[in-house]
Amino acid sequence: MAFPNAAVSDVIATTIQSRTGIVADNVTKNNAILTKLSESGNIKPFGGGNVIMQELSYQENGNAGWYSGYQALPIGAQDVISAAQYDIKQAACAVTMSGLEMLQNSSKEQIIDLMEARIKVAESTMSNLISQGLYSDGTAAGGKQITGLAVAVSKTPTAAGTYGGIDQVAWPFWQNKATIAAGTTAANIQQRFNAMYAATVRGADHIDLIMVDNAYWGLYMASLQALQRFTDSKMAKLGFPSVQYMQSDVVLDGGIGGYDPVSTAYFLNTKYLFLRPHRDRNFVALDPSKRYSVNQDAVVQLLAWAGNLTVSGRQFQGVMADA
């Protein structure tokens with residue numbers, strides 16, 4: 001297909017390609033969960049394969065024990081490492097420009113301005129898509145959505161079902177903690193937070209992020225005395241409204257466009273939580289860089305991502321919600 005300006009398609013391609021790194025960065029900064037994962041190095045790209053494998057330890061080494069003198073020591077092989085497996089989910093956002101728009105924006109600078117505006121919208125759209133997916137059960141769009149916290153940190157962890165290919169009933173270590181009870185108030189919310197914290201802590205291993213909706217945010221804030229209100233300056237500088245509970249950030253993901261379910265708090269130990277994008281599909285422009293419509297005077301660029309949310313330690317995660 002011929003265009004009035006032969007350089008236009010190259011301008012579009014180079015503009016979108018130069019911003020793909022910014023897209024990935026904006027997605028991370030748009031969501032407190034991804035920010036935590038990024039800080040801890042838990043955004044881990046993967047290479048090939050038909051599924052994403054997340055290694056995990058599921059039991060202790062049975063060879064450990066006390067001994068005396070010349071006593072023979074147990075040296076039997078120990079099966080202590082396994083892996084959960086996750087489907088690869090894909091997302092994309094098309095940025096288009098018609099031939100008429102190219103004519104109307106005939107100079108290189110005008111084309112870049114138009115493309116910049118549209119790419120910024122694509123960035124915001126992809127950010128929101130991933131953020132929403134992080135709370136999902138993976139069933140939207142015919143099961144193509146990210147398998148998010150609704151399944152990873154289930155409200156029914158002891159019910160029949162599998163997650164990451166592991167039966168959560170047969171393997172109790174693969175059950176997260178859940179407290180589903182009516183009547184959460186400002187008077188009892190800290191007590192319920194305390195119970196969930198105690199249920200998920202293991203020595204120095206503890207939750208470091210609590211995501212709450214508008215209702216729980218209001219109750220928790222109301223429960224705090226003025227002199228007991230501690231904010232986390234680091235999260236605040238990143239734009240996330242947060243206060244401290246124990247050694248964890250309590251972050252509001254409500255407000256306008258928040259995705260945390262109503263009257264729900266997720267207690268996350270992000271040490272065992274990962275975002276696993278494919279190394280060749282981490283918010284990049286798809287090749288070929290210039291895609292032309294067969295029956296339209298238009299050019300299309302696609303921003304694409306592939307991967308999933310994975311967990312290596314469900315027992316360290318918790319969810320609290322009103323019945």
# chains A, B, ... in the order shown; residues from 1 in each chain; ligands from 1

$ residues_around --residues "stretch 255-258 of chain A" --least-positions-apart "2" --cutoff "7 Å" --atoms "only C-alpha atoms" --output "list in words"
Asn214, Asp253 and Asp260 of chain A

$ residues_around --residues "stretch 132-140 of chain A" --least-positions-apart "4" --cutoff "6 Å" --atoms "only C-alpha atoms" --output "list in words"
Asn128, Gln145, Ile146, Thr147, Gly148, Leu149, Ala150, Val151 and Tyr259 of chain A

$ closest_residue --among "A:Ala215, A:Ala298, A:Val153, A:Cys93" --to "A:Ala122" --atoms "only C-alpha atoms"
A:Cys93

$ closest_residue --among "A:Lys36, A:Ile88, A:Ala159, A:Asp113" --to "A:Leu268" --atoms "only C-alpha atoms"
A:Lys36

$ closest_residue --among "A:Ala152, A:Leu103, A:Ile180, A:Ala306" --to "A:Gln168" --atoms "only C-alpha atoms"
A:Ala152

$ closest_residue --among "A:Ser98, A:Thr264, A:Ser312, A:Gln247" --to "A:Ala181" --atoms "only C-alpha atoms"
A:Thr264

$ residues_around --residues "A:Gly313" --least-positions-apart "2" --cutoff "8 Å" --atoms "only C-alpha atoms" --output "count of residues only"
8

$ residues_around --residues "A:Asn269" --least-positions-apart "2" --cutoff "12 Å" --atoms "only C-alpha atoms" --output "number ranges by chain"
A: 33, 36-37, 40, 42, 153, 176-177, 197, 200-202, 204-211, 247-249, 266-267, 271-274, 311-319

$ closest_residue --among "A:Ala222, A:Val121, A:Val299, A:Ala323" --to "A:Thr185" --atoms "only C-alpha atoms"
A:Ala222

$ select_by_dssp --residues "stretch 125-158 of chain A" --states "helix (DSSP H, G or I)" --output "list of chain:residue names"
A:Thr125, A:Met126, A:Ser127, A:Asn128, A:Leu129, A:Ile130, A:Ser131, A:Gln132, A:Gly133, A:Ala140, A:Ala141, A:Gly142, A:Gly143, A:Leu149, A:Ala150, A:Val151, A:Ala152

$ closest_residue --among "A:Pro261, A:Gly307, A:Gly218, A:Gly254" --to "A:Ala186" --atoms "only C-alpha atoms"
A:Gly218

$ select_by_dssp --residues "stretch 17-178 of chain A" --states "strand (DSSP E or B)" --output "MDAnalysis selection string"
chainID A and resid 43 46 51:57 81:87 89:98 162:163 166:167 177:178
